[in-house]
>>> print(open('target.txt').read())   # compact mmCIF, C-alpha atoms
# COMPACT_ATOMS: atom_id res chain seq x y z
CA MET A 259 0.00 0.00 0.00
CA GLU A 260 1.03 3.58 -0.55
CA PRO A 261 1.87 5.25 2.78
CA PHE A 262 -0.62 7.85 3.96
CA LEU A 263 0.78 10.77 5.91
CA HIS A 264 -0.61 14.04 4.61
CA LEU A 265 -3.13 14.81 1.89
CA ASP A 266 -4.00 18.18 0.37
CA ALA A 267 -6.78 17.54 -2.12
CA VAL A 268 -10.01 18.69 -3.71
CA ALA A 269 -13.12 17.61 -1.82
CA LEU A 270 -16.01 15.94 -3.64
CA PRO A 271 -19.29 16.78 -1.87
CA ILE A 272 -21.95 14.08 -1.89
CA PRO A 273 -24.74 15.63 0.20
CA ARG A 274 -26.68 12.41 0.70
CA SER A 275 -27.04 9.85 3.45
CA ASN A 276 -26.95 6.09 2.94
CA VAL A 277 -24.71 6.00 -0.14
CA ASP A 278 -24.62 2.22 -0.41
CA THR A 279 -22.02 -0.08 -1.91
CA ASP A 280 -24.26 -0.86 -4.89
CA GLN A 281 -24.24 2.80 -5.85
CA ILE A 282 -20.46 2.93 -5.38
CA VAL A 283 -19.89 -0.13 -7.59
CA PRO A 284 -22.85 -1.99 -9.15
CA ALA A 285 -23.09 -5.71 -8.45
CA ARG A 286 -22.55 -6.77 -12.08
CA TYR A 287 -18.86 -5.80 -11.78
CA LEU A 288 -18.14 -7.92 -8.73
CA GLN A 289 -16.92 -10.90 -10.78
CA LYS A 290 -14.12 -8.81 -12.28
CA PRO A 291 -10.59 -9.69 -11.07
CA ARG A 292 -8.85 -7.38 -8.61
CA SER A 293 -6.25 -6.66 -11.29
CA ASP A 294 -8.89 -4.72 -13.24
CA ASP A 295 -9.00 -1.00 -12.60
CA PHE A 296 -12.11 -0.73 -10.45
CA GLY A 297 -11.94 3.06 -10.72
CA GLN A 298 -13.69 2.73 -14.08
CA PHE A 299 -16.70 1.19 -12.29
CA LEU A 300 -16.95 3.82 -9.55
CA PHE A 301 -20.49 5.22 -9.38
CA ARG A 302 -20.90 3.64 -12.81
CA ASP A 303 -24.70 3.95 -13.04
CA LEU A 304 -24.59 7.52 -11.76
CA ARG A 305 -21.65 8.64 -13.92
CA PHE A 306 -22.67 7.09 -17.26
CA ASP A 307 -25.88 6.47 -19.18
CA LYS A 308 -26.75 3.11 -20.77
CA GLN A 309 -24.80 4.06 -23.91
CA GLY A 310 -21.67 4.70 -21.83
CA ARG A 311 -21.82 8.48 -22.17
CA GLU A 312 -21.02 10.66 -19.18
CA ILE A 313 -23.99 12.11 -17.35
CA SER A 314 -23.00 15.77 -17.10
CA GLY A 315 -25.15 16.40 -14.05
CA PHE A 316 -23.28 13.91 -11.88
CA ILE A 317 -20.84 15.83 -9.75
CA LEU A 318 -17.79 13.66 -10.44
CA ASN A 319 -18.14 14.49 -14.16
CA GLN A 320 -17.93 18.22 -13.50
CA PRO A 321 -14.44 19.70 -14.11
CA PRO A 322 -13.76 21.15 -10.64
CA TYR A 323 -14.28 17.73 -9.09
CA ARG A 324 -12.62 15.40 -11.60
CA GLN A 325 -9.36 15.48 -9.63
CA ALA A 326 -11.04 15.17 -6.22
CA ARG A 327 -9.29 12.81 -3.80
CA VAL A 328 -11.50 13.25 -0.72
CA VAL A 329 -15.21 12.42 -0.51
CA VAL A 330 -17.34 14.39 1.93
CA ALA A 331 -20.71 12.76 2.52
CA GLN A 332 -23.52 12.50 5.00
CA SER A 333 -24.22 9.65 7.40
CA ASN A 334 -23.96 5.91 6.81
CA PHE A 335 -21.62 6.09 3.80
CA GLY A 336 -20.80 2.64 2.39
CA CYS A 337 -23.80 0.88 3.87
CA GLY A 338 -25.40 -2.15 2.19
CA SER A 339 -23.71 -5.32 1.07
CA SER A 340 -20.23 -6.15 2.30
CA ARG A 341 -18.43 -5.79 -1.02
CA GLU A 342 -14.77 -4.86 -0.71
CA HIS A 343 -15.02 -3.82 -4.37
CA ALA A 344 -16.62 -0.54 -3.27
CA VAL A 345 -13.42 0.44 -1.51
CA TRP A 346 -11.34 -0.76 -4.45
CA ALA A 347 -13.39 1.43 -6.82
CA LEU A 348 -12.87 4.55 -4.72
CA HIS A 349 -9.17 3.82 -4.18
CA ASP A 350 -8.46 2.90 -7.80
CA TYR A 351 -10.15 6.09 -8.99
CA GLY A 352 -7.75 8.01 -6.78
CA PHE A 353 -9.67 8.75 -3.60
CA ARG A 354 -7.58 8.48 -0.43
CA ALA A 355 -10.12 9.51 2.19
CA VAL A 356 -13.85 9.73 2.91
CA ILE A 357 -15.24 12.10 5.54
CA ALA A 358 -18.70 11.38 6.95
CA PRO A 359 -20.54 11.37 10.29
CA SER A 360 -20.82 7.56 10.12
CA PHE A 361 -20.04 4.60 7.87
CA GLY A 362 -21.29 1.12 7.15
CA ASP A 363 -19.31 -1.09 9.55
CA ILE A 364 -17.84 -3.44 6.96
CA PHE A 365 -17.05 -0.63 4.53
CA PHE A 366 -15.17 1.17 7.32
CA SER A 367 -13.09 -1.92 8.08
CA ASN A 368 -12.44 -2.66 4.39
CA ALA A 369 -11.35 0.93 3.81
CA LEU A 370 -8.68 0.80 6.51
CA LYS A 371 -7.35 -2.49 5.09
CA ASN A 372 -7.06 -1.08 1.57
CA GLY A 373 -5.41 2.29 2.11
CA LEU A 374 -8.57 4.42 2.11
CA LEU A 375 -8.88 6.56 5.25
CA PRO A 376 -12.45 6.79 6.62
CA ILE A 377 -12.75 9.86 8.85
CA VAL A 378 -15.68 10.24 11.22
CA LEU A 379 -16.49 13.86 12.04
CA PRO A 380 -19.53 15.23 13.86
CA ALA A 381 -22.55 15.86 11.64
CA GLU A 382 -22.22 19.63 12.15
CA ALA A 383 -18.61 19.64 10.93
CA THR A 384 -19.43 17.44 7.95
CA ALA A 385 -22.40 19.64 7.04
CA MET A 386 -20.14 22.69 7.11
CA LEU A 387 -17.57 21.00 4.86
CA LEU A 388 -20.32 19.90 2.47
CA GLU A 389 -21.76 23.39 2.29
CA LYS A 390 -18.38 24.96 1.56
CA ALA A 391 -17.37 22.31 -0.98
CA GLN A 392 -20.60 22.94 -2.86
CA ALA A 393 -20.30 26.72 -2.63
CA VAL A 394 -16.66 26.76 -3.74
CA PRO A 395 -16.11 24.07 -6.41
CA GLY A 396 -12.57 22.78 -6.20
CA MET A 397 -12.26 23.56 -2.49
CA ARG A 398 -9.36 21.73 -0.91
CA VAL A 399 -9.04 20.10 2.47
CA VAL A 400 -5.84 19.05 4.20
CA ILE A 401 -5.63 15.80 6.14
CA ASP A 402 -2.77 15.21 8.56
CA LEU A 403 -2.94 11.59 9.66
CA PRO A 404 -0.05 11.67 12.18
CA SER A 405 -1.77 14.57 13.97
CA GLN A 406 -5.28 13.22 13.22
CA ILE A 407 -6.51 16.58 11.98
CA VAL A 408 -8.58 17.79 9.03
CA THR A 409 -8.09 21.44 8.08
CA ALA A 410 -10.75 23.05 5.91
CA ALA A 411 -10.14 25.86 3.42
CA ASP A 412 -11.43 28.44 5.92
CA GLY A 413 -8.79 27.34 8.43
CA SER A 414 -11.18 25.46 10.68
CA ILE A 415 -9.58 22.42 12.27
CA HIS A 416 -11.34 19.14 13.02
CA ALA A 417 -9.73 16.37 15.05
CA PHE A 418 -10.61 12.75 14.33
CA GLN A 419 -10.01 9.38 15.98
CA ILE A 420 -8.38 6.27 14.54
CA ASP A 421 -7.15 3.13 16.28
CA ALA A 422 -3.40 2.87 16.75
CA PHE A 423 -2.93 -0.28 14.64
CA SER A 424 -4.78 1.10 11.61
CA LYS A 425 -2.94 4.40 11.90
CA LYS A 426 0.44 2.64 11.98
CA CYS A 427 -0.44 0.48 8.96
CA LEU A 428 -1.67 3.47 6.92
CA ILE A 429 1.34 5.64 7.77
CA GLU A 430 3.79 2.85 6.94
CA GLY A 431 1.85 1.61 3.90
CA LEU A 432 1.32 -1.88 5.32
CA ASN A 433 -1.59 -4.22 4.84
CA GLU A 434 -2.18 -6.97 7.40
CA ILE A 435 -0.04 -9.48 5.50
CA ASP A 436 2.83 -6.99 5.23
CA TYR A 437 2.54 -6.31 8.95
CA THR A 438 2.68 -10.04 9.76
CA LEU A 439 5.68 -10.55 7.48
CA GLN A 440 7.57 -7.88 9.42
CA ASN A 441 7.60 -10.43 12.23
CA ALA A 442 8.58 -13.40 10.07
CA ASP A 443 11.87 -13.98 11.95
CA HIS A 444 10.05 -14.09 15.32
CA ILE A 445 7.39 -16.44 13.90
CA THR A 446 10.05 -18.77 12.47
CA ALA A 447 11.97 -18.79 15.75
CA PHE A 448 8.78 -19.58 17.67
CA GLU A 449 7.93 -22.44 15.31
CA ARG A 450 11.40 -23.93 15.75
CA ARG A 451 11.16 -23.76 19.55
CA HIS A 452 7.68 -25.22 19.44
CA ALA A 453 8.74 -28.10 17.13
CA ALA A 454 11.73 -28.88 19.40
CA ASN A 455 9.39 -29.31 22.37
CA ILE A 456 6.98 -31.73 20.68
>>> encode(input="target.txt", output="structure tokens")
Amino acid sequence: MEPFLHLDAVALPIPRSNVDTDQIVPARYLQKPRSDDFGQFLFRDLRFDKQGREISGFILNQPPYRQARVVVAQSNFGCGSSREHAVWALHDYGFRAVIAPSFGDIFFSNALKNGLLPIVLPAEATAMLLEKAQAVPGMRVVIDLPSQIVTAADGSIHAFQIDAFSKKCLIEGLNEIDYTLQNADHITAFERRHAANI
């Protein structure tokens, strides 16, 4: 995984609650291999019509937001079925963080395991960020993971929580397998001691 320390990026406002995983990546793409670029399937039915043409009214197709790397949404983002593909689609498109008052539990866990930082902020703070991102297209936010702080364009600062293990893995760019392999020598030594005592 790519290490996540600081991010200064355009915010994509999605002023809706309950954005579910089927909206993020429709079920018909779930049989695709992970090696496919799932970014092409992100919000597929909202971004494109049945002929594959962009729907101009969808916010991600509007120029100020095409390079957005942070989603700002309302509550319960990533609810619905437990498809990891939804996180892959956001990450492969280029998003590195999602800010919302709450998330679907499995989406939240999948995000942390795949290098996408889910940030829970109070509903009032998220509403303020949404309002500003809509009022000023292309508005940037700065995320400082080591300090656990989001700074909005108006200078307002919002602290967020993250568990220590997930924070370490994101900062060092480690998935759970990478983290385990860091301890390969200790595991091998343990196995040798254990085998000698059988």
>>> closest_residue(input="target.txt", among="A:Asp280, A:Gln309, A:His349, A:Pro273", to="Thr384 (chain A)", atoms="all atoms listed in the file")
A:Pro273
>>> atom_distance(input="target.txt", atom1="CA of Ser424 (chain A)", atom2="CA of Phe365 (chain A)")
14.3 Å
>>> closest_atom_pairs(input="target.txt", of="region 339-379 of chain A", to="region 317-327 of chain A", cutoff="12 Å", atoms="all atoms listed in the file", output="Markdown table")
| residue | atom | partner | partner_atom | distance |
| --- | --- | --- | --- | --- |
| A:Leu348 | CA | A:Arg327 | CA | 9.0 |
| A:His349 | CA | A:Arg327 | CA | 9.0 |
| A:Asp350 | CA | A:Arg327 | CA | 10.7 |
| A:Tyr351 | CA | A:Arg327 | CA | 8.5 |
| A:Gly352 | CA | A:Arg327 | CA | 5.9 |
| A:Phe353 | CA | A:Arg327 | CA | 4.1 |
| A:Arg354 | CA | A:Arg327 | CA | 5.7 |
| A:Ala355 | CA | A:Arg327 | CA | 6.9 |
| A:Val356 | CA | A:Arg327 | CA | 8.7 |
| A:Ile357 | CA | A:Arg327 | CA | 11.1 |
| A:Leu374 | CA | A:Arg327 | CA | 10.3 |
| A:Leu375 | CA | A:Arg327 | CA | 11.0 |
>>> residues_around(input="target.txt", residues="Ala358 (chain A)", least_positions_apart="3", cutoff="7 Å", atoms="all atoms listed in the file", output="ChimeraX atom specification")
/A:330-333,335,361,377-379,384
>>> atom_distance(input="target.txt", atom1="CA of His264 (chain A)", atom2="CA of Phe418 (chain A)")
14.0 Å
>>> closest_residue(input="target.txt", among="A:Asp303, A:Asp295, A:Glu382, A:Glu434", to="Pro359 (chain A)", atoms="all atoms listed in the file")
A:Glu382
>>> closest_residue(input="target.txt", among="A:Cys337, A:Ala411, A:Leu288, A:Val329", to="Asn276 (chain A)", atoms="all atoms listed in the file")
A:Cys337
>>> closest_residue(input="target.txt", among="A:Gln406, A:Ser340, A:Ser314, A:Asn433", to="Gly373 (chain A)", atoms="all atoms listed in the file")
A:Asn433
>>> residues_around(input="target.txt", residues="region 390-392 of chain A", least_positions_apart="5", cutoff="7 Å", atoms="only C-alpha atoms", output="list in words")
Ala269, Pro271 and Met397 of chain A
>>> write_last_selection(input="target.txt", atoms="C-alpha atoms", output="PDB file, keeping the file's coordinate frame")
ATOM      1  CA  ALA A 269     -13.120  17.610  -1.820  1.00  0.00           C
ATOM      2  CA  PRO A 271     -19.290  16.780  -1.870  1.00  0.00           C
ATOM      3  CA  MET A 397     -12.260  23.560  -2.490  1.00  0.00           C
TER       4      MET A 397
END
>>> atom_distance(input="target.txt", atom1="CA of Ala267 (chain A)", atom2="CA of His416 (chain A)")
15.9 Å
>>> closest_residue(input="target.txt", among="A:Gln419, A:Ile445, A:Asp402, A:Thr279", to="Pro380 (chain A)", atoms="only C-alpha atoms")
A:Gln419
>>> closest_residue(input="target.txt", among="A:Val400, A:Cys427, A:Leu270, A:Asn368", to="Ser414 (chain A)", atoms="all atoms listed in the file")
A:Val400
>>> residues_around(input="target.txt", residues="Val283 (chain A)", least_positions_apart="6", cutoff="8 Å", atoms="all atoms listed in the file", output="list in words")
Phe299, Leu300, Phe301, Arg302, His343, Ala344 and Ala347 of chain A
>>> residues_around(input="target.txt", residues="Phe423 (chain A)", least_positions_apart="6", cutoff="12 Å", atoms="all atoms listed in the file", output="PyMOL selection string")
chain A and resi 370-371+429-434+437
>>> write_last_selection(input="target.txt", atoms="C-alpha atoms", output="PDB file, in the coordinates of the input")
ATOM      1  CA  LEU A 370      -8.680   0.800   6.510  1.00  0.00           C
ATOM      2  CA  LYS A 371      -7.350  -2.490   5.090  1.00  0.00           C
ATOM      3  CA  ILE A 429       1.340   5.640   7.770  1.00  0.00           C
ATOM      4  CA  GLU A 430       3.790   2.850   6.940  1.00  0.00           C
ATOM      5  CA  GLY A 431       1.850   1.610   3.900  1.00  0.00           C
ATOM      6  CA  LEU A 432       1.320  -1.880   5.320  1.00  0.00           C
ATOM      7  CA  ASN A 433      -1.590  -4.220   4.840  1.00  0.00           C
ATOM      8  CA  GLU A 434      -2.180  -6.970   7.400  1.00  0.00           C
ATOM      9  CA  TYR A 437       2.540  -6.310   8.950  1.00  0.00           C
TER      10      TYR A 437
END
